[in-house]
Structure formats: structure tokens, C-alpha cells
Amino acid sequence: MTPPTALITGASAGLGRALATALSGRGWRLVVDARDGARLADAVAALPRPELVHAVAGDVADPAHRAELATAVGDRLDLLVNSASDLGPTPLPPLADLPPAQLQRVLAVNVVAPMALIQLVLPALRATGGTVLDISSDAAVEAYEGWGGYGASKAALDQLSAVLAVEEPALRVHAVDPGDMDTAMHRAADPEASGLPAPESVVPALLRLVDERPASARYRAEDLLPSEAAR
């Protein structure tokens, strides 16, 4: 039997890698990407079923790279996870000091690239009635000092997800706020943070969306986890 296929961007670290590990353990076929080819290769080698993984190193903001990902997916796609993100300059500057070129880069990676990738693989998603998971942030709905550029990009991604859900009712389209996690991105944003949960703790929430296929919507991971796990 042909295994289901998932395309996961930003799969060399953090939540993308944690979800790839869980799906690989289930026997899924994976297409994964990351900017750092060596780190991506190491991540793939550590997966439970590396023989079922097609790794494509590159930048999701690059149209040629996105086309390569879509080609690797083929005609059927069960799950697209837009996990790759760009935080912007660190230390996080106030909006008064955010260089417009840096904001353009954040928007290119966090908003334009996911939408462009969705467009490329939409026929393959329609073929399976698949699921799109767009990884969002609480910064999309809360005003945190220094997080204006990143938060604006995730708010835009939330809106794109919501509209796509209306336009593609046969699919499941979810924007997911994973909550604070112990990732390189969060450490770059807040070097003083400590005691944050590992990305692996969020994976059950994402798998619940994939398995149960609730109505398309924006979800917080903590609301999808058992109460003891959420604590």
C-alpha cells in the first residue's frame, strides 16, 4: 500500500524536525527542506525511515526551490506543513528601527513562500482532500515589543489560511500557534528564556489535527493537548 505523503518545510530543526520524526515513525513518505544542506542531511539520517525521505536543501523564498519541492511531491499530497520561518534581525528591534529590507525578507519567507508553495501543490492536495498546517505564533494576535515584523507576517499567514479554507472546503487548512518552545529561533529572540518545552511536546497536537481532521480554523496547540500535557 502506498504510504501517505507529507511535505514539511524547515525540517532540519525545531518543530519541523520533531513532526518529521513522528511521521517517519508512522511510515509516511516525506519531502523535507531546510536552508542548511548539511544539517538537513543529518536530520534525515536520524529519522526512523530515512529511505522514505526526499530531502531538498534550499530557501523557500526561492521560486526554483519551491518548484523542486513540488516536483518531488508528485501527484498526491496528504499533508503540507509550512514550518520554515524567518525571525528577522536580532536583537529584535522596535518597528522604528526595523529595516524595510529585513521586513521584506520576513514577509517573503513567512507569507509569500507558503502561499506560493500552496499554489504549486494544490492539485496534489485536492487529489487527496489533504491538510495544510501553517505554523503561526501568538505574536500574530498579541502586541509584543520587538516582534512587530514577525508578528505581522504570522498575522498575514493566519488570514491567508482562513481565506484558503473558505475557498478550498474539501481541504483542511489550519493555522497553528504552537506556543513557546525551546528552539534556536526562540533563543535568538530571547536569550534569557529558560525552561521552555521541547518542540516534541507540541507534535501530539499537530498529529491530532492530521488524524481527526476537525474543521478548518486557527488552533492553539495547548488547546489540543491533554490537560496534563498542556501543563
# chains A, B, ... in the order shown; residues from 1 in each chain; ligands from 1
$ closest_atom_pairs --of "region 43-79 of chain A" --to "region 99-120 of chain A" --cutoff "7 Å" --atoms "only C-alpha atoms" --output "CSV"
residue,atom,partner,partner_atom,distance
A:Val60,CA,A:Ala113,CA,5.8
A:Ala61,CA,A:Val109,CA,5.3
A:Arg66,CA,A:Leu117,CA,6.1
A:Ala70,CA,A:Leu120,CA,6.2
$ residues_around --residues "Arg220 (chain A)" --least-positions-apart "3" --cutoff "8 Å" --atoms "only C-alpha atoms" --output "list in words"
Val176, Asp177, Pro178, Gly179, Asp223 and Leu224 of chain A
$ write_last_selection --atoms "N, CA, C and O atoms" --output "compact mmCIF listing (two decimals), in the first residue's frame"
# COMPACT_ATOMS: atom_id res chain seq x y z
N VAL A 176 -1.72 27.13 13.08
CA VAL A 176 -1.49 26.54 14.40
C VAL A 176 -0.48 27.38 15.17
O VAL A 176 0.65 27.59 14.72
N ASP A 177 -0.89 27.85 16.33
CA ASP A 177 0.02 28.52 17.25
C ASP A 177 0.61 27.46 18.17
O ASP A 177 -0.09 26.93 19.03
N PRO A 178 1.89 27.14 18.01
CA PRO A 178 2.46 26.06 18.82
C PRO A 178 2.80 26.46 20.24
O PRO A 178 3.09 25.60 21.08
N GLY A 179 2.77 27.77 20.54
CA GLY A 179 3.21 28.22 21.86
C GLY A 179 4.72 28.35 21.91
O GLY A 179 5.44 28.03 20.97
N ASP A 223 -4.54 23.92 23.36
CA ASP A 223 -5.95 23.54 23.44
C ASP A 223 -6.21 22.16 22.85
O ASP A 223 -7.31 21.61 23.04
N LEU A 224 -5.25 21.62 22.13
CA LEU A 224 -5.40 20.31 21.51
C LEU A 224 -4.73 19.20 22.28
O LEU A 224 -4.89 18.02 21.97
$ residues_around --residues "region 78-85 of chain A" --least-positions-apart "6" --cutoff "8 Å" --atoms "only C-alpha atoms" --output "PyMOL selection string"
chain A and resi 4-11+15-16+34+60+106+109-110+114+118+124-125+128-135+210
$ write_last_selection --atoms "N, CA, C and O atoms" --output "short mmCIF file (atom, residue, chain, number, x, y, z; two decimals), in the first residue's frame"
data_model
loop_
_atom_site.label_atom_id
_atom_site.label_comp_id
_atom_site.auth_asym_id
_atom_site.auth_seq_id
_atom_site.Cartn_x
_atom_site.Cartn_y
_atom_site.Cartn_z
N PRO A 4 1.07 7.53 2.93
CA PRO A 4 0.72 8.94 2.74
C PRO A 4 1.99 9.78 2.63
O PRO A 4 3.06 9.39 3.11
N THR A 5 1.84 10.95 2.00
CA THR A 5 2.98 11.83 1.76
C THR A 5 2.79 13.15 2.47
O THR A 5 1.71 13.73 2.44
N ALA A 6 3.87 13.63 3.10
CA ALA A 6 3.87 14.95 3.72
C ALA A 6 5.04 15.76 3.18
O ALA A 6 6.13 15.23 2.99
N LEU A 7 4.80 17.03 2.95
CA LEU A 7 5.84 17.99 2.61
C LEU A 7 6.00 18.92 3.82
O LEU A 7 5.04 19.57 4.24
N ILE A 8 7.20 18.95 4.39
CA ILE A 8 7.48 19.74 5.58
C ILE A 8 8.64 20.67 5.29
O ILE A 8 9.75 20.22 5.00
N THR A 9 8.39 21.98 5.36
CA THR A 9 9.48 22.93 5.21
C THR A 9 10.09 23.22 6.58
O THR A 9 9.44 23.06 7.61
N GLY A 10 11.36 23.61 6.57
CA GLY A 10 12.04 23.87 7.83
C GLY A 10 12.16 22.63 8.69
O GLY A 10 11.94 22.66 9.89
N ALA A 11 12.57 21.52 8.06
CA ALA A 11 12.53 20.22 8.75
C ALA A 11 13.85 19.81 9.37
O ALA A 11 13.97 18.69 9.86
N LEU A 15 10.33 22.41 15.46
CA LEU A 15 9.06 21.72 15.31
C LEU A 15 8.99 20.94 14.01
O LEU A 15 8.42 19.85 13.96
N GLY A 16 9.55 21.49 12.93
CA GLY A 16 9.54 20.77 11.66
C GLY A 16 10.23 19.42 11.77
O GLY A 16 9.73 18.41 11.28
N ALA A 34 15.28 22.49 4.07
CA ALA A 34 15.89 23.43 5.01
C ALA A 34 16.98 24.17 4.24
O ALA A 34 17.46 23.68 3.21
N VAL A 60 13.03 28.55 0.91
CA VAL A 60 11.65 28.56 0.44
C VAL A 60 11.27 29.85 -0.26
O VAL A 60 10.27 29.91 -0.98
N VAL A 106 11.37 38.90 5.84
CA VAL A 106 10.48 38.16 6.73
C VAL A 106 9.16 37.83 6.04
O VAL A 106 8.66 36.70 6.11
N VAL A 109 9.58 35.03 3.33
CA VAL A 109 9.70 33.67 3.85
C VAL A 109 8.43 33.21 4.55
O VAL A 109 7.97 32.08 4.37
N ASN A 110 7.84 34.08 5.35
CA ASN A 110 6.74 33.68 6.23
C ASN A 110 5.35 33.80 5.62
O ASN A 110 4.40 33.21 6.13
N PRO A 114 4.96 30.43 1.74
CA PRO A 114 3.93 29.44 1.99
C PRO A 114 2.78 29.49 0.98
O PRO A 114 2.30 28.45 0.52
N ILE A 118 1.79 26.55 -1.59
CA ILE A 118 0.43 26.01 -1.62
C ILE A 118 -0.12 26.00 -3.05
O ILE A 118 -0.71 25.02 -3.49
N ALA A 124 -2.17 18.48 -6.01
CA ALA A 124 -1.84 17.25 -5.29
C ALA A 124 -2.61 17.17 -3.98
O ALA A 124 -3.02 16.07 -3.55
N LEU A 125 -2.85 18.29 -3.31
CA LEU A 125 -3.66 18.30 -2.10
C LEU A 125 -5.12 18.01 -2.41
O LEU A 125 -5.79 17.27 -1.67
N THR A 128 -6.15 14.32 -2.71
CA THR A 128 -6.31 13.51 -1.50
C THR A 128 -7.29 14.13 -0.51
O THR A 128 -7.59 13.50 0.51
N GLY A 129 -7.77 15.35 -0.79
CA GLY A 129 -8.51 16.07 0.23
C GLY A 129 -7.63 16.32 1.43
O GLY A 129 -8.03 16.10 2.58
N GLY A 130 -6.41 16.78 1.18
CA GLY A 130 -5.37 16.83 2.19
C GLY A 130 -5.50 17.95 3.21
O GLY A 130 -6.50 18.67 3.27
N THR A 131 -4.45 18.09 4.01
CA THR A 131 -4.40 19.04 5.11
C THR A 131 -3.22 19.98 4.94
O THR A 131 -2.13 19.56 4.56
N VAL A 132 -3.45 21.25 5.25
CA VAL A 132 -2.40 22.26 5.30
C VAL A 132 -2.26 22.72 6.74
O VAL A 132 -3.25 23.12 7.37
N LEU A 133 -1.05 22.64 7.27
CA LEU A 133 -0.75 23.18 8.59
C LEU A 133 0.21 24.35 8.41
O LEU A 133 1.36 24.16 8.03
N ASP A 134 -0.27 25.55 8.67
CA ASP A 134 0.56 26.74 8.62
C ASP A 134 0.96 27.10 10.05
O ASP A 134 0.08 27.41 10.88
N ILE A 135 2.25 27.04 10.34
CA ILE A 135 2.71 27.27 11.70
C ILE A 135 2.72 28.76 12.00
O ILE A 135 3.46 29.53 11.39
N VAL A 210 -4.11 16.22 12.11
CA VAL A 210 -3.98 15.37 10.94
C VAL A 210 -4.91 14.16 11.03
O VAL A 210 -5.56 13.78 10.05
#
$ residues_around --residues "Glu168 (chain A)" --least-positions-apart "3" --cutoff "10 Å" --atoms "only C-alpha atoms" --output "list in words"
Leu122, Arg126, Gly129, Val163, Leu164, Ala165, Leu171, Arg172, Val173 and Ser216 of chain A
$ write_last_selection --atoms "N, CA, C and O atoms" --output "JSON list (two decimals), in the first residue's frame"
[["chain", "number", "residue", "atom", "x", "y", "z"],
["A", 122, "LEU", "N", -1.30, 22.57, -4.77],
["A", 122, "LEU", "CA", -2.74, 22.49, -4.57],
["A", 122, "LEU", "C", -3.41, 21.36, -5.34],
["A", 122, "LEU", "O", -4.27, 20.65, -4.79],
["A", 126, "ARG", "N", -5.61, 18.58, -3.49],
["A", 126, "ARG", "CA", -7.00, 18.31, -3.88],
["A", 126, "ARG", "C", -7.21, 16.84, -4.19],
["A", 126, "ARG", "O", -8.30, 16.29, -3.94],
["A", 129, "GLY", "N", -7.77, 15.35, -0.79],
["A", 129, "GLY", "CA", -8.51, 16.07, 0.23],
["A", 129, "GLY", "C", -7.63, 16.32, 1.43],
["A", 129, "GLY", "O", -8.03, 16.10, 2.58],
["A", 163, "VAL", "N", -8.71, 32.36, 4.52],
["A", 163, "VAL", "CA", -9.34, 32.53, 3.22],
["A", 163, "VAL", "C", -9.21, 31.27, 2.38],
["A", 163, "VAL", "O", -10.16, 30.85, 1.70],
["A", 164, "LEU", "N", -8.05, 30.64, 2.42],
["A", 164, "LEU", "CA", -7.87, 29.39, 1.67],
["A", 164, "LEU", "C", -8.86, 28.34, 2.13],
["A", 164, "LEU", "O", -9.41, 27.58, 1.32],
["A", 165, "ALA", "N", -9.13, 28.30, 3.43],
["A", 165, "ALA", "CA", -10.09, 27.33, 3.96],
["A", 165, "ALA", "C", -11.48, 27.55, 3.37],
["A", 165, "ALA", "O", -12.21, 26.59, 3.08],
["A", 171, "LEU", "N", -10.51, 20.68, 1.56],
["A", 171, "LEU", "CA", -9.26, 20.52, 2.30],
["A", 171, "LEU", "C", -9.49, 20.88, 3.77],
["A", 171, "LEU", "O", -10.51, 21.45, 4.14],
["A", 172, "ARG", "N", -8.50, 20.56, 4.59],
["A", 172, "ARG", "CA", -8.43, 21.08, 5.95],
["A", 172, "ARG", "C", -7.25, 22.04, 5.99],
["A", 172, "ARG", "O", -6.13, 21.65, 5.65],
["A", 173, "VAL", "N", -7.51, 23.28, 6.37],
["A", 173, "VAL", "CA", -6.48, 24.30, 6.41],
["A", 173, "VAL", "C", -6.43, 24.88, 7.82],
["A", 173, "VAL", "O", -7.40, 25.50, 8.27],
["A", 216, "SER", "N", -11.59, 23.39, 9.43],
["A", 216, "SER", "CA", -10.51, 24.33, 9.18],
["A", 216, "SER", "C", -10.66, 25.54, 10.10],
["A", 216, "SER", "O", -11.75, 26.11, 10.23]]
$ closest_residue --among "A:Gly74, A:Ser12, A:Arg213, A:Leu23" --to "Gly58 (chain A)" --atoms "only C-alpha atoms"
A:Ser12
$ select_by_dssp --residues "region 3-80 of chain A" --states "alpha helix (DSSP H)" --output "number ranges by chain"
A: 14-25, 37-45, 63-73
$ write_last_selection --atoms "N, CA and C atoms" --output "short mmCIF file (atom, residue, chain, number, x, y, z; two decimals), in the first residue's frame"
data_model
loop_
_atom_site.label_atom_id
_atom_site.label_comp_id
_atom_site.auth_asym_id
_atom_site.auth_seq_id
_atom_site.Cartn_x
_atom_site.Cartn_y
_atom_site.Cartn_z
N GLY A 14 13.90 22.10 15.23
CA GLY A 14 12.69 22.60 15.85
C GLY A 14 11.46 21.75 15.60
N LEU A 15 10.33 22.41 15.46
CA LEU A 15 9.06 21.72 15.31
C LEU A 15 8.99 20.94 14.01
N GLY A 16 9.55 21.49 12.93
CA GLY A 16 9.54 20.77 11.66
C GLY A 16 10.23 19.42 11.77
N ARG A 17 11.39 19.41 12.42
CA ARG A 17 12.12 18.15 12.59
C ARG A 17 11.36 17.19 13.51
N ALA A 18 10.79 17.73 14.58
CA ALA A 18 10.06 16.87 15.51
C ALA A 18 8.87 16.21 14.83
N LEU A 19 8.14 16.96 14.02
CA LEU A 19 7.00 16.37 13.32
C LEU A 19 7.45 15.38 12.26
N ALA A 20 8.53 15.70 11.56
CA ALA A 20 9.07 14.76 10.56
C ALA A 20 9.44 13.44 11.22
N THR A 21 10.01 13.50 12.41
CA THR A 21 10.39 12.29 13.13
C THR A 21 9.16 11.45 13.45
N ALA A 22 8.10 12.10 13.91
CA ALA A 22 6.88 11.37 14.27
C ALA A 22 6.23 10.74 13.04
N LEU A 23 6.15 11.47 11.95
CA LEU A 23 5.52 10.93 10.74
C LEU A 23 6.37 9.84 10.11
N SER A 24 7.68 10.02 10.16
CA SER A 24 8.56 8.97 9.65
C SER A 24 8.38 7.68 10.44
N GLY A 25 8.20 7.82 11.75
CA GLY A 25 7.95 6.65 12.58
C GLY A 25 6.65 5.95 12.25
N GLY A 37 22.05 22.53 4.04
CA GLY A 37 22.02 21.18 3.49
C GLY A 37 22.65 20.15 4.41
N ALA A 38 23.74 20.50 5.07
CA ALA A 38 24.41 19.54 5.96
C ALA A 38 23.54 19.21 7.16
N ARG A 39 22.92 20.23 7.74
CA ARG A 39 22.03 19.99 8.88
C ARG A 39 20.82 19.17 8.46
N LEU A 40 20.31 19.45 7.27
CA LEU A 40 19.17 18.68 6.77
C LEU A 40 19.54 17.22 6.59
N ALA A 41 20.72 16.97 6.01
CA ALA A 41 21.16 15.58 5.81
C ALA A 41 21.30 14.85 7.14
N ASP A 42 21.82 15.53 8.16
CA ASP A 42 21.94 14.91 9.48
C ASP A 42 20.57 14.59 10.06
N ALA A 43 19.63 15.51 9.89
CA ALA A 43 18.28 15.30 10.41
C ALA A 43 17.62 14.11 9.73
N VAL A 44 17.76 14.01 8.42
CA VAL A 44 17.16 12.90 7.68
C VAL A 44 17.77 11.57 8.10
N ALA A 45 19.08 11.55 8.27
CA ALA A 45 19.76 10.32 8.66
C ALA A 45 19.28 9.79 10.01
N PRO A 63 11.85 30.76 -5.86
CA PRO A 63 10.83 30.07 -6.68
C PRO A 63 11.34 28.76 -7.27
N ALA A 64 12.60 28.70 -7.67
CA ALA A 64 13.14 27.46 -8.25
C ALA A 64 13.16 26.34 -7.21
N HIS A 65 13.47 26.69 -5.98
CA HIS A 65 13.47 25.69 -4.91
C HIS A 65 12.06 25.19 -4.64
N ARG A 66 11.10 26.09 -4.61
CA ARG A 66 9.71 25.67 -4.40
C ARG A 66 9.25 24.75 -5.53
N ALA A 67 9.65 25.04 -6.75
CA ALA A 67 9.27 24.19 -7.87
C ALA A 67 9.88 22.80 -7.72
N GLU A 68 11.10 22.73 -7.20
CA GLU A 68 11.74 21.44 -6.98
C GLU A 68 10.99 20.63 -5.92
N LEU A 69 10.54 21.31 -4.88
CA LEU A 69 9.76 20.63 -3.84
C LEU A 69 8.46 20.07 -4.42
N ALA A 70 7.77 20.87 -5.22
CA ALA A 70 6.51 20.44 -5.81
C ALA A 70 6.72 19.24 -6.72
N THR A 71 7.80 19.24 -7.46
CA THR A 71 8.11 18.11 -8.35
C THR A 71 8.36 16.85 -7.53
N ALA A 72 9.07 17.00 -6.42
CA ALA A 72 9.37 15.85 -5.57
C ALA A 72 8.11 15.27 -4.95
N VAL A 73 7.12 16.10 -4.68
CA VAL A 73 5.86 15.63 -4.09
C VAL A 73 5.12 14.70 -5.04
#
$ select_by_dssp --residues "region 60-97 of chain A" --states "strand (DSSP E or B)" --output "JSON, numbers by chain"
{"A": [79, 80, 81, 82]}
$ atom_distance --atom1 "CA of His186 (chain A)" --atom2 "CA of Ser136 (chain A)"
13.5 Å
$ residues_around --residues "Ala221 (chain A)" --least-positions-apart "5" --cutoff "12 Å" --atoms "only C-alpha atoms" --output "count of residues only"
30
$ atom_distance --atom1 "CA of Tyr219 (chain A)" --atom2 "CA of Leu47 (chain A)"
27.1 Å
$ residues_around --residues "Leu98 (chain A)" --least-positions-apart "4" --cutoff "12 Å" --atoms "only C-alpha atoms" --output "VMD selection string"
chain A and resid 87 to 94 102 to 106 146 to 150
